[in-house]
Amino acid sequence: MKKILVVDDEPDITSSIKNGLQRKGFEVDTYNDPTDALSNFTPDKYDLLLIDIRMPKMNGFELYREVKKKSGNVRICFFTAFEVYYDEFRKMFPNLEVKCFIRKPITINDLVTHINTELEKH
Amino acid sequence: MLVEKHNNACHKINQETSRDELERYFSSKVQTEFVNLAGHEMKTSIQAILTYSELLQDRHDKHREDYAKAILRNASRLRMLSNNLSDFTKINSDMLRLKKERFDLGILISTLAEDFRNMNRCQEAKIKIVVHYQKHVYVYADSERLAQVILNLLDNAIKFTEKGDISIKLESQEDDYLLVAITDTGPGIDISVKPNLFNKFATSSHSGTGLGLYICKNIIEAHGGRIWAENNSDKNGATFSFKIPINPYNSGISYTKFLNSRIEV
């Protein structure tokens with residue numbers, strides 16, 4: 001069973017996405033506070049991280065950078081409602097490779113398609 | 001001499017042009033940022049509604065009632081956003097009109113608190129909403145608009161409160177004003193945000209569009225009142241308060257006349 005970590009500051013998003021992904025056969029952990037997600041992060045525990053970008057305390061890019069330090073080969077998809085973030089990300093972290101930006105709102109089926117595509121790449 | 005004058009004039013024109021350009025640049029940047037934020041708010045709520053609706057389709061799920069509540073909660077958020085957008089337009093074009101009537105503000109507040117409690121994550125997060133009020137506190141004001149202000153302040157309070165209490169206090173004061181104070185136990189107001197708190201487009205980095213408090217301020221001021229915010233003295237959370245006159249036309253005109261005039265309308 002593939003294991004996904006979802007980090008989003010909106011409890012309604014984490015709780016509904018967790019439930020939806022579980023129904024599609026994934027094992028899911030969630031955090032609403034990115035700093036909790038980071039301090040509890042264990043390398044190699046997850047097949048994929050689904051991370052919101054606009055969050056308090058630490059934004060998704062910063063979380064990604066910190067997680068990457070703990071686990072170099074971690075797979076990440078940003079899950080965002082913010083259009084401009086892709087360009088911002090490129091400017092802020094020219095050396096970080098992320099090709100997976102999933103835009104909210106999306107149905108569970110489409111989200112699963114994105115996740116599976118990303119998982120198959122590696 | 002003439003040339004020098006001409007040069008000075010040109011220099012001045014250039015300076016003004018660049019100031020105009022700068023203002024235009026900032027105003028368009030702020031607008032773009034605002035549209036992005038409003039879009040972000042919309043998409044986040046739509047995402048929740050979309051996913052919960054999908055989950056709701058499973059008839060055997062035990063949590064269907066919770067899903068329905070979550071859909072309602074997010075649809076309400078969208079409604080608040082769309083109301084804020086139209087209010088913003090009204091305020092900007094000086095079209096904010098109050099529909100005043102006499103009503104019991106105590107009853108309105110306790111009803112709002114009850115609805116808010118049911119709709120939000122108060123139970124799961126163990127957030128208590130406590131209302132302190134005297135009975136029969138009548139005011140001549142726009143009840144829908146005051147409800148909008150109170151809900152907006154409650155919404156802010158819960159957004160920043162992870163656990164603990166939110167208290168609402170209603171008090172009639174000696175100077176014929178009513179005071180409403182909403183106290184939370186969140187992290188308090190950031191000093192850098194505080195001076196601009198009630199300005200349009202002022203928002204923290206992670207949520208909101210920066211319209212809510214600006215609209216609240218305009219509604220309260222249209223009632224002849226005042227709104228302000230301060231961090232609590234025990235350094236735990238913040239208190240948002242507003243004061244409005246009990247009856248702005250208190251000089252010898254009876255409530256009956258107002259009631260009658262309303263019926264005539």
# chains A, B, ... in the order shown; residues from 1 in each chain; ligands from 1
$ interface_residues --of "chain A" --to "chain B" --cutoff "8 Å" --atoms "only C-alpha atoms" --output "VMD selection string"
chain A and resid 12 to 13 16 to 17 19 to 20 54 to 56 81 to 84 104 to 108
$ write_last_selection --atoms "N, CA and C atoms" --output "tab-separated table (two decimals), in the first residue's frame"
chain	number	residue	atom	x	y	z
A	12	ASP	N	-10.28	21.14	6.79
A	12	ASP	CA	-11.28	20.56	5.88
A	12	ASP	C	-10.62	19.92	4.66
A	13	ILE	N	-9.50	20.48	4.25
A	13	ILE	CA	-8.79	19.91	3.09
A	13	ILE	C	-8.10	18.60	3.50
A	16	SER	N	-10.73	15.80	4.28
A	16	SER	CA	-11.47	15.23	3.15
A	16	SER	C	-10.54	14.51	2.17
A	17	ILE	N	-9.36	15.07	1.94
A	17	ILE	CA	-8.42	14.43	1.01
A	17	ILE	C	-7.94	13.09	1.59
A	19	ASN	N	-9.57	11.09	3.60
A	19	ASN	CA	-10.66	10.15	3.44
A	19	ASN	C	-10.80	9.67	1.98
A	20	GLY	N	-10.72	10.64	1.06
A	20	GLY	CA	-10.84	10.32	-0.36
A	20	GLY	C	-9.73	9.40	-0.84
A	54	ARG	N	0.68	27.95	0.61
A	54	ARG	CA	0.41	29.11	1.48
A	54	ARG	C	-0.03	28.63	2.86
A	55	MET	N	0.92	28.56	3.78
A	55	MET	CA	0.63	28.08	5.14
A	55	MET	C	1.30	29.00	6.16
A	56	PRO	N	0.73	29.11	7.38
A	56	PRO	CA	1.38	29.92	8.40
A	56	PRO	C	2.61	29.23	8.95
A	81	ALA	N	-3.64	26.32	-4.40
A	81	ALA	CA	-4.71	27.12	-5.01
A	81	ALA	C	-4.15	28.43	-5.54
A	82	PHE	N	-2.81	28.56	-5.48
A	82	PHE	CA	-2.18	29.83	-5.84
A	82	PHE	C	-1.48	29.72	-7.18
A	83	GLU	N	-1.94	30.48	-8.16
A	83	GLU	CA	-1.41	30.37	-9.52
A	83	GLU	C	0.04	30.85	-9.64
A	84	VAL	N	0.35	31.96	-8.97
A	84	VAL	CA	1.66	32.58	-9.21
A	84	VAL	C	2.83	31.82	-8.59
A	104	LYS	N	-5.52	23.16	-7.07
A	104	LYS	CA	-6.85	23.07	-6.47
A	104	LYS	C	-7.78	23.98	-7.27
A	105	PRO	N	-9.05	23.70	-7.39
A	105	PRO	CA	-9.73	22.49	-6.92
A	105	PRO	C	-9.63	21.35	-7.93
A	106	ILE	N	-9.62	20.13	-7.39
A	106	ILE	CA	-9.48	18.95	-8.24
A	106	ILE	C	-10.31	17.80	-7.64
A	107	THR	N	-10.82	16.91	-8.48
A	107	THR	CA	-11.59	15.78	-7.96
A	107	THR	C	-10.61	14.72	-7.43
A	108	ILE	N	-11.12	13.85	-6.59
A	108	ILE	CA	-10.26	12.78	-6.05
A	108	ILE	C	-9.69	11.92	-7.18
$ residues_around --residues "Lys217 in chain B" --least-positions-apart "6" --cutoff "12 Å" --atoms "only C-alpha atoms" --output "PyMOL selection string"
chain B and resi 87-88+91+145-146+148-150+152-153+196-200+211+223-229+240-244
$ atom_distance --atom1 "CA of Thr30 in chain A" --atom2 "CA of Ile53 in chain A"
14.7 Å
$ atom_distance --atom1 "CA of Val137 in chain B" --atom2 "CA of Lys100 in chain B"
15.5 Å
$ select_by_dssp --residues "range 139-170 of chain B" --states "strand (DSSP E or B)" --output "PyMOL selection string"
chain B and resi 139-141+164-170
$ closest_residue --among "A:Lys45, A:Asn109, A:Thr14, A:Leu5" --to "Asp29 in chain A" --atoms "only C-alpha atoms"
A:Leu5
$ closest_atom_pairs --of "range 7-37 of chain A" --to "range 67-73 of chain A" --cutoff "12 Å" --atoms "only C-alpha atoms" --output "CSV"
residue,atom,partner,partner_atom,distance
A:Pro34,CA,A:Val67,CA,10.5
A:Thr35,CA,A:Val67,CA,10.6
A:Asp36,CA,A:Val67,CA,11.9
A:Ala37,CA,A:Val67,CA,9.3
$ write_last_selection --atoms "C-alpha atoms" --output "mmCIF file, in the first residue's frame"
data_model
loop_
_atom_site.group_PDB
_atom_site.id
_atom_site.type_symbol
_atom_site.label_atom_id
_atom_site.label_comp_id
_atom_site.auth_asym_id
_atom_site.auth_seq_id
_atom_site.Cartn_x
_atom_site.Cartn_y
_atom_site.Cartn_z
ATOM 1 C CA PRO A 34 4.022 22.329 8.641
ATOM 2 C CA THR A 35 6.449 22.602 11.577
ATOM 3 C CA ASP A 36 4.844 19.497 13.152
ATOM 4 C CA ALA A 37 5.107 17.729 9.798
#
$ closest_residue --among "B:Ile246, B:Leu85, B:Ile127, B:Ile158" --to "Arg102 in chain B" --atoms "only C-alpha atoms"
B:Ile246
$ select_by_dssp --residues "range 21-259 of chain B" --states "alpha helix (DSSP H)" --output "ChimeraX atom specification"
/B:21-56,64-92,105-119,122-125,143-159,212-222,255-259
